[in-house]
file input_6.cif (mmCIF, C-alpha atoms)
data_start
loop_
_atom_site.label_atom_id
_atom_site.label_comp_id
_atom_site.auth_asym_id
_atom_site.auth_seq_id
_atom_site.Cartn_x
_atom_site.Cartn_y
_atom_site.Cartn_z
CA MET A 12 39.07 -8.92 -40.27
CA GLU A 13 39.05 -7.15 -36.87
CA ARG A 14 38.70 -3.78 -38.65
CA LEU A 15 35.68 -5.16 -40.54
CA LYS A 16 33.99 -6.36 -37.34
CA GLY A 17 34.56 -2.99 -35.73
CA GLY A 18 33.01 -1.23 -38.72
CA ILE A 19 29.93 -3.45 -38.55
CA ALA A 20 29.54 -2.72 -34.83
CA VAL A 21 29.76 1.03 -35.39
CA ALA A 22 27.24 0.82 -38.23
CA ALA A 23 24.85 -1.07 -36.00
CA LEU A 24 25.11 1.58 -33.30
CA VAL A 25 24.43 4.31 -35.85
CA LEU A 26 21.36 2.41 -37.07
CA VAL A 27 20.00 2.15 -33.53
CA ALA A 28 20.55 5.86 -32.97
CA VAL A 29 18.79 6.81 -36.19
CA THR A 30 15.80 4.45 -35.94
CA GLY A 31 15.25 4.65 -32.20
CA CYS A 32 15.26 0.84 -31.96
CA LYS A 33 16.48 -0.70 -28.76
CA GLU A 34 17.10 -4.13 -27.46
CA GLU A 35 13.99 -5.68 -25.91
CA THR A 36 14.14 -6.71 -22.28
CA GLU A 37 12.08 -9.31 -20.49
CA GLY A 38 9.28 -8.34 -18.17
CA SER A 39 7.18 -5.22 -17.85
CA SER A 40 6.30 -2.63 -15.25
CA ARG A 41 3.59 -3.65 -12.82
CA PRO A 42 0.95 -1.14 -14.00
CA ASP A 43 1.04 -2.75 -17.44
CA GLU A 44 0.50 -6.18 -15.91
CA ARG A 45 -2.84 -5.35 -14.26
CA PRO A 46 -5.29 -6.57 -15.50
CA GLY A 47 -3.84 -9.29 -17.77
CA GLY A 48 -3.57 -8.77 -21.51
CA GLY A 49 -3.98 -10.96 -24.54
CA GLY A 50 -7.39 -10.14 -25.98
CA GLY A 51 -6.39 -8.11 -29.03
CA ALA A 52 -6.19 -4.42 -29.92
CA ALA A 53 -8.11 -2.22 -27.49
CA LEU A 54 -8.52 0.65 -29.95
CA ALA A 55 -10.36 -1.56 -32.45
CA ALA A 56 -12.57 -2.93 -29.69
CA VAL A 57 -13.97 0.52 -28.89
CA ASP A 58 -15.97 0.43 -32.13
CA SER A 59 -17.69 -2.78 -31.00
CA LEU A 60 -19.32 -1.00 -28.04
CA THR A 61 -22.92 0.18 -28.30
CA VAL A 62 -23.34 3.96 -28.07
CA LYS A 63 -26.37 5.29 -26.19
CA GLY A 64 -27.26 8.08 -23.82
CA ARG A 65 -26.77 7.69 -20.09
CA ALA A 66 -29.88 6.24 -18.40
CA PRO A 67 -31.21 7.77 -15.16
CA LYS A 68 -29.53 6.78 -11.92
CA THR A 69 -32.97 6.11 -10.46
CA GLY A 70 -33.01 2.96 -8.33
CA TYR A 71 -29.24 2.62 -8.03
CA ASP A 72 -27.97 1.19 -4.76
CA ARG A 73 -24.70 -0.59 -4.00
CA ASP A 74 -26.74 -3.43 -2.49
CA LYS A 75 -28.12 -4.15 -5.97
CA PHE A 76 -24.65 -5.59 -6.72
CA GLY A 77 -24.65 -7.93 -3.71
CA SER A 78 -22.60 -7.99 -0.54
CA PRO A 79 -19.21 -6.30 -1.03
CA TRP A 80 -16.32 -8.61 -1.90
CA ALA A 81 -18.28 -11.85 -2.14
CA ASP A 82 -16.24 -14.99 -2.80
CA THR A 83 -17.80 -15.61 -6.20
CA ASP A 84 -14.84 -17.65 -7.44
CA SER A 85 -15.24 -20.03 -4.47
CA ASN A 86 -11.55 -20.03 -3.53
CA GLY A 87 -12.25 -19.45 0.16
CA CYS A 88 -11.11 -15.80 0.16
CA GLY A 89 -13.11 -12.62 -0.29
CA THR A 90 -12.63 -10.68 -3.51
CA ARG A 91 -10.88 -7.76 -1.77
CA ASP A 92 -8.15 -10.03 -0.41
CA ASP A 93 -7.82 -11.75 -3.79
CA ILE A 94 -7.04 -8.40 -5.42
CA LEU A 95 -4.69 -7.31 -2.65
CA LYS A 96 -2.76 -10.57 -3.06
CA ARG A 97 -2.61 -10.05 -6.83
CA ASP A 98 -1.58 -6.40 -6.84
CA LEU A 99 0.59 -5.87 -3.76
CA GLU A 100 4.21 -6.80 -3.23
CA ASP A 101 5.78 -8.11 0.00
CA VAL A 102 2.40 -9.45 1.10
CA LYS A 103 2.02 -10.69 4.68
CA PHE A 104 -1.06 -12.48 5.96
CA LYS A 105 -2.98 -12.18 9.20
CA ASP A 106 -3.51 -15.93 9.31
CA GLY A 107 -3.25 -18.63 6.69
CA ASP A 108 -2.93 -17.31 3.15
CA CYS A 109 -6.18 -15.40 2.74
CA THR A 110 -6.48 -12.28 4.92
CA VAL A 111 -3.87 -9.75 3.77
CA ALA A 112 -2.34 -7.92 6.76
CA SER A 113 0.19 -5.75 4.94
CA GLY A 114 1.97 -5.16 1.67
CA VAL A 115 3.24 -2.50 -0.69
CA LEU A 116 1.59 -1.05 -3.78
CA ALA A 117 4.69 -0.36 -5.82
CA PRO A 118 3.75 1.74 -7.60
CA ASP A 119 0.16 2.89 -7.32
CA PRO A 120 -1.02 2.85 -10.96
CA TYR A 121 -3.17 5.99 -10.62
CA GLY A 122 -0.63 8.31 -9.01
CA GLY A 123 2.67 6.53 -9.58
CA LYS A 124 3.68 6.62 -5.91
CA GLU A 125 4.61 3.74 -3.61
CA ILE A 126 1.84 3.15 -1.06
CA THR A 127 2.15 0.98 2.04
CA PHE A 128 -0.88 -1.13 2.88
CA THR A 129 -1.64 -1.94 6.52
CA ARG A 130 -4.97 -3.54 7.27
CA GLY A 131 -7.31 -1.30 9.23
CA ARG A 132 -5.49 1.97 8.45
CA SER A 133 -4.80 1.75 4.76
CA GLN A 134 -4.69 4.29 1.97
CA VAL A 135 -5.25 1.52 -0.56
CA ASP A 136 -8.67 1.14 -2.20
CA ILE A 137 -9.93 -1.57 -4.52
CA ASP A 138 -11.35 0.36 -7.45
CA HIS A 139 -14.06 -0.80 -9.81
CA LEU A 140 -12.50 0.32 -13.10
CA VAL A 141 -16.01 0.63 -14.49
CA ALA A 142 -17.79 2.19 -11.52
CA LEU A 143 -20.92 0.33 -10.43
CA SER A 144 -23.04 3.48 -10.65
CA ASP A 145 -21.75 4.10 -14.18
CA ALA A 146 -22.56 0.49 -15.07
CA TRP A 147 -26.07 0.90 -13.64
CA GLN A 148 -26.71 3.86 -15.94
CA LYS A 149 -25.34 2.02 -18.98
CA GLY A 150 -27.10 -1.30 -18.90
CA ALA A 151 -26.67 -2.94 -15.49
CA GLY A 152 -29.94 -1.49 -14.21
CA GLN A 153 -31.68 -3.91 -16.58
CA TRP A 154 -29.74 -7.02 -15.50
CA ASP A 155 -30.62 -9.75 -13.06
CA ALA A 156 -28.80 -9.80 -9.72
CA SER A 157 -26.46 -12.64 -10.73
CA LYS A 158 -24.84 -10.60 -13.48
CA ARG A 159 -24.51 -7.49 -11.30
CA ILE A 160 -22.84 -9.53 -8.52
CA ALA A 161 -20.45 -11.00 -11.09
CA LEU A 162 -19.44 -7.53 -12.34
CA ALA A 163 -18.84 -6.22 -8.82
CA ASN A 164 -16.45 -9.08 -8.04
CA ASP A 165 -14.78 -9.70 -11.40
CA PRO A 166 -10.98 -9.32 -11.15
CA LEU A 167 -11.02 -7.91 -14.68
CA ASN A 168 -12.86 -4.88 -13.26
CA LEU A 169 -10.84 -4.48 -10.04
CA LEU A 170 -7.55 -2.80 -9.20
CA ALA A 171 -5.70 -1.89 -5.99
CA VAL A 172 -4.99 1.86 -6.06
CA ASP A 173 -4.21 4.89 -3.91
CA ALA A 174 -7.38 6.00 -2.13
CA GLY A 175 -6.77 9.70 -2.90
CA PRO A 176 -7.05 9.74 -6.69
CA ASN A 177 -9.59 6.92 -6.61
CA ARG A 178 -12.03 8.92 -4.52
CA SER A 179 -11.71 11.89 -6.85
CA LYS A 180 -12.91 9.58 -9.63
CA GLY A 181 -16.32 8.90 -8.10
CA ASP A 182 -18.45 7.20 -10.74
CA GLY A 183 -16.74 8.98 -13.63
CA ASP A 184 -16.21 7.39 -17.01
CA ALA A 185 -13.34 7.99 -19.45
CA ALA A 186 -14.91 11.27 -20.58
CA THR A 187 -14.89 12.76 -17.08
CA TRP A 188 -11.93 11.16 -15.25
CA LEU A 189 -8.56 9.64 -16.14
CA PRO A 190 -5.68 8.65 -13.83
CA PRO A 191 -3.29 11.51 -13.00
CA ASN A 192 -0.47 9.11 -13.95
CA LYS A 193 -0.55 9.64 -17.71
CA SER A 194 1.64 6.60 -18.39
CA TYR A 195 -1.16 4.37 -17.07
CA ARG A 196 -4.03 5.86 -19.07
CA CYS A 197 -3.79 3.46 -22.01
CA THR A 198 -3.91 0.44 -19.72
CA TYR A 199 -6.74 1.97 -17.69
CA VAL A 200 -8.94 2.78 -20.69
CA ALA A 201 -8.22 -0.58 -22.32
CA ALA A 202 -9.45 -2.29 -19.15
CA GLN A 203 -12.67 -0.26 -19.19
CA VAL A 204 -13.24 -1.21 -22.83
CA ALA A 205 -12.67 -4.87 -21.98
CA VAL A 206 -15.15 -4.82 -19.09
CA LYS A 207 -17.84 -3.00 -21.08
CA LYS A 208 -17.40 -5.36 -24.01
CA LYS A 209 -17.49 -8.47 -21.81
CA TYR A 210 -20.67 -7.42 -20.00
CA GLY A 211 -22.43 -5.68 -22.87
CA LEU A 212 -22.43 -2.25 -21.22
CA TRP A 213 -22.85 0.71 -23.50
CA VAL A 214 -20.88 3.97 -23.71
CA THR A 215 -21.95 7.55 -24.34
CA THR A 216 -20.79 9.47 -27.40
CA ALA A 217 -18.41 11.55 -25.27
CA GLU A 218 -17.08 8.45 -23.52
CA LYS A 219 -16.35 6.67 -26.79
CA ALA A 220 -14.54 9.74 -28.13
CA ALA A 221 -12.43 9.93 -24.96
CA MET A 222 -11.55 6.23 -25.17
CA LYS A 223 -10.47 6.58 -28.79
CA SER A 224 -8.49 9.73 -28.02
CA VAL A 225 -6.46 7.94 -25.33
CA LEU A 226 -6.00 4.68 -27.21
CA SER A 227 -5.02 6.38 -30.49
CA GLY A 228 -1.79 7.26 -28.71
CA CYS A 229 -1.11 3.55 -28.09
CA PRO A 230 -2.70 1.68 -31.02
CA ASP A 231 -0.95 -1.57 -30.09
CA GLN A 232 -2.41 -1.60 -26.58
CA GLU A 233 -3.86 -5.06 -25.96
CA LEU A 234 -7.38 -5.63 -24.76
CA PRO A 235 -7.35 -7.31 -21.34
CA SER A 236 -9.09 -10.65 -21.05
CA GLY A 237 -10.01 -13.24 -18.47
CA GLY A 238 -11.67 -12.70 -15.12
CA ASN A 239 -14.69 -14.51 -13.76
CA PRO A 240 -17.87 -15.72 -15.51
CA THR A 241 -20.54 -13.06 -16.07
CA LYS A 242 -22.98 -14.92 -13.81
CA ALA A 243 -22.35 -15.38 -10.09
CA PRO A 244 -23.11 -18.77 -8.46
CA ALA A 245 -26.75 -19.19 -7.48
CA ARG A 246 -25.98 -19.04 -3.74
CA PHE A 247 -25.31 -15.30 -3.98
CA HIS A 248 -28.15 -12.81 -3.78
CA ALA A 249 -28.65 -9.06 -3.96
CA ASP A 250 -31.31 -6.75 -2.55
#
call {"tool": "encode", "arguments": {"input": "input_6.cif", "output": "structure tokens"}}
result
Amino acid sequence: MERLKGGIAVAALVLVAVTGCKEETEGSSRPDERPGGGGGAALAAVDSLTVKGRAPKTGYDRDKFGSPWADTDSNGCGTRDDILKRDLEDVKFKDGDCTVASGVLAPDPYGGKEITFTRGRSQVDIDHLVALSDAWQKGAGQWDASKRIALANDPLNLLAVDAGPNRSKGDGDAATWLPPNKSYRCTYVAAQVAVKKKYGLWVTTAEKAAMKSVLSGCPDQELPSGGNPTKAPARFHAD
């Protein structure tokens, strides 16, 4: 009987080696947790996006999207601090539980490095995954202020990242910029698809091709979901 059990164990190990299967473990790395998943296959969702040419940037101004980091979810904290609390580890507060004084981005999803956040002298940015200028040229220029304010403060469209690679991104879309950390590209592009689908933003032909190229390498990548409503409360205004 013992010889039989041993044979079964060896056979199982051989099967694992041949098939590449491995035992699943609980949890996931932090880059794959931001933003949250659960909305379905991201690759399939790309085909639901409208394809059009990029509109002129004429008239774009950051103020068109309201005051930076407005508390549109009415939780008493600005959006920037909400995202820092969500994305950093070892968070310490300046006072109460709202103003983040320090923490660690471990790792930075764009570069893969550990970045220490210290308020006032930080290398951590809050990135708009779909840049506001890009959004302006792909539909947001035609919206009312309430929808633009919502996009600028929607956690679905925000991520704490290393300032270096983020500032090299500018207002690039998937066709012109991807994170240097290749292991995060599927999650990054899936988040852009989710935001554009949620808000009805269009993509260019080149952008759609780039999205499909990335996501074809991870066809089971989920489409992120959630975030805030697509209309900000009436008390918020934009120039």
call {"tool": "resolve_selection", "arguments": {"input": "input_6.cif", "expression": "the PyMOL selection byres ((chain A and resi 205) around 9)", "output": "PDB file with C-alpha atoms, in the coordinates of the input"}}
result
ATOM      1  CA  GLY A  50      -7.390 -10.140 -25.980  1.00  0.00           C
ATOM      2  CA  ALA A  53      -8.110  -2.220 -27.490  1.00  0.00           C
ATOM      3  CA  ALA A  56     -12.570  -2.930 -29.690  1.00  0.00           C
ATOM      4  CA  VAL A  57     -13.970   0.520 -28.890  1.00  0.00           C
ATOM      5  CA  LEU A 167     -11.020  -7.910 -14.680  1.00  0.00           C
ATOM      6  CA  ASN A 168     -12.860  -4.880 -13.260  1.00  0.00           C
ATOM      7  CA  VAL A 200      -8.940   2.780 -20.690  1.00  0.00           C
ATOM      8  CA  ALA A 201      -8.220  -0.580 -22.320  1.00  0.00           C
ATOM      9  CA  ALA A 202      -9.450  -2.290 -19.150  1.00  0.00           C
ATOM     10  CA  GLN A 203     -12.670  -0.260 -19.190  1.00  0.00           C
ATOM     11  CA  VAL A 204     -13.240  -1.210 -22.830  1.00  0.00           C
ATOM     12  CA  VAL A 206     -15.150  -4.820 -19.090  1.00  0.00           C
ATOM     13  CA  LYS A 207     -17.840  -3.000 -21.080  1.00  0.00           C
ATOM     14  CA  LYS A 208     -17.400  -5.360 -24.010  1.00  0.00           C
ATOM     15  CA  LYS A 209     -17.490  -8.470 -21.810  1.00  0.00           C
ATOM     16  CA  TYR A 210     -20.670  -7.420 -20.000  1.00  0.00           C
ATOM     17  CA  LEU A 234      -7.380  -5.630 -24.760  1.00  0.00           C
ATOM     18  CA  PRO A 235      -7.350  -7.310 -21.340  1.00  0.00           C
ATOM     19  CA  SER A 236      -9.090 -10.650 -21.050  1.00  0.00           C
TER      20      SER A 236
END
call {"tool": "resolve_selection", "arguments": {"input": "input_6.cif", "expression": "the PyMOL selection byres ((chain A and resi 122-135) around 12)", "output": "ChimeraX atom specification"}}
result
/A:40-42,91-92,94-96,98-105,110-121,136-138,170-179,189-196
call {"tool": "residues_around", "arguments": {"input": "input_6.cif", "residues": "Pro230 of chain A", "least_positions_apart": "3", "cutoff": "8 Å", "atoms": "all atoms listed in the file", "output": "mmCIF file with C-alpha atoms, in the coordinates of the input"}}
result
data_model
loop_
_atom_site.group_PDB
_atom_site.id
_atom_site.type_symbol
_atom_site.label_atom_id
_atom_site.label_comp_id
_atom_site.auth_asym_id
_atom_site.auth_seq_id
_atom_site.Cartn_x
_atom_site.Cartn_y
_atom_site.Cartn_z
ATOM 1 C CA ALA A 52 -6.190 -4.420 -29.920
ATOM 2 C CA ALA A 53 -8.110 -2.220 -27.490
ATOM 3 C CA LEU A 54 -8.520 0.650 -29.950
ATOM 4 C CA LEU A 226 -6.000 4.680 -27.210
ATOM 5 C CA SER A 227 -5.020 6.380 -30.490
#
call {"tool": "resolve_selection", "arguments": {"input": "input_6.cif", "expression": "the PyMOL selection byres ((chain A and resi 155) around 12)", "output": "PDB file with C-alpha atoms, keeping the file's coordinate frame"}}
result
ATOM      1  CA  LYS A  75     -28.120  -4.150  -5.970  1.00  0.00           C
ATOM      2  CA  PHE A  76     -24.650  -5.590  -6.720  1.00  0.00           C
ATOM      3  CA  GLY A  77     -24.650  -7.930  -3.710  1.00  0.00           C
ATOM      4  CA  TRP A 147     -26.070   0.900 -13.640  1.00  0.00           C
ATOM      5  CA  GLY A 150     -27.100  -1.300 -18.900  1.00  0.00           C
ATOM      6  CA  ALA A 151     -26.670  -2.940 -15.490  1.00  0.00           C
ATOM      7  CA  GLY A 152     -29.940  -1.490 -14.210  1.00  0.00           C
ATOM      8  CA  GLN A 153     -31.680  -3.910 -16.580  1.00  0.00           C
ATOM      9  CA  TRP A 154     -29.740  -7.020 -15.500  1.00  0.00           C
ATOM     10  CA  ALA A 156     -28.800  -9.800  -9.720  1.00  0.00           C
ATOM     11  CA  SER A 157     -26.460 -12.640 -10.730  1.00  0.00           C
ATOM     12  CA  LYS A 158     -24.840 -10.600 -13.480  1.00  0.00           C
ATOM     13  CA  ARG A 159     -24.510  -7.490 -11.300  1.00  0.00           C
ATOM     14  CA  ILE A 160     -22.840  -9.530  -8.520  1.00  0.00           C
ATOM     15  CA  ALA A 161     -20.450 -11.000 -11.090  1.00  0.00           C
ATOM     16  CA  LEU A 162     -19.440  -7.530 -12.340  1.00  0.00           C
ATOM     17  CA  THR A 241     -20.540 -13.060 -16.070  1.00  0.00           C
ATOM     18  CA  LYS A 242     -22.980 -14.920 -13.810  1.00  0.00           C
ATOM     19  CA  ALA A 243     -22.350 -15.380 -10.090  1.00  0.00           C
ATOM     20  CA  ALA A 245     -26.750 -19.190  -7.480  1.00  0.00           C
ATOM     21  CA  PHE A 247     -25.310 -15.300  -3.980  1.00  0.00           C
ATOM     22  CA  HIS A 248     -28.150 -12.810  -3.780  1.00  0.00           C
ATOM     23  CA  ALA A 249     -28.650  -9.060  -3.960  1.00  0.00           C
ATOM     24  CA  ASP A 250     -31.310  -6.750  -2.550  1.00  0.00           C
TER      25      ASP A 250
END
call {"tool": "residues_near_point", "arguments": {"input": "input_6.cif", "point": "(-20.1, 2.9, -4.3)", "cutoff": "8 Å", "atoms": "only C-alpha atoms", "output": "PDB file with C-alpha atoms, in the coordinates of the input"}}
result
ATOM      1  CA  ARG A  73     -24.700  -0.590  -4.000  1.00  0.00           C
ATOM      2  CA  ALA A 142     -17.790   2.190 -11.520  1.00  0.00           C
ATOM      3  CA  LEU A 143     -20.920   0.330 -10.430  1.00  0.00           C
ATOM      4  CA  SER A 144     -23.040   3.480 -10.650  1.00  0.00           C
ATOM      5  CA  ASP A 182     -18.450   7.200 -10.740  1.00  0.00           C
TER       6      ASP A 182
END
call {"tool": "residues_around", "arguments": {"input": "input_6.cif", "residues": "Glu218 of chain A", "least_positions_apart": "4", "cutoff": "9 Å", "atoms": "only C-alpha atoms", "output": "ChimeraX atom specification"}}
result
/A:62,184-187,214,222-223
call {"tool": "closest_residue", "arguments": {"input": "input_6.cif", "among": "A:Leu140, A:Ala146, A:Cys197, A:Cys109", "to": "Gln232 of chain A", "atoms": "only C-alpha atoms"}}
result
A:Cys197
call {"tool": "atom_distance", "arguments": {"input": "input_6.cif", "atom1": "atom CA of Val141 of chain A", "atom2": "atom CA of Lys68 of chain A"}}
result
15.1 Å
call {"tool": "atom_distance", "arguments": {"input": "input_6.cif", "atom1": "atom CA of Lys63 of chain A", "atom2": "atom CA of Ala163 of chain A"}}
result
22.2 Å
call {"tool": "atom_distance", "arguments": {"input": "input_6.cif", "atom1": "atom CA of Leu60 of chain A", "atom2": "atom CA of Trp213 of chain A"}}
result
6.0 Å
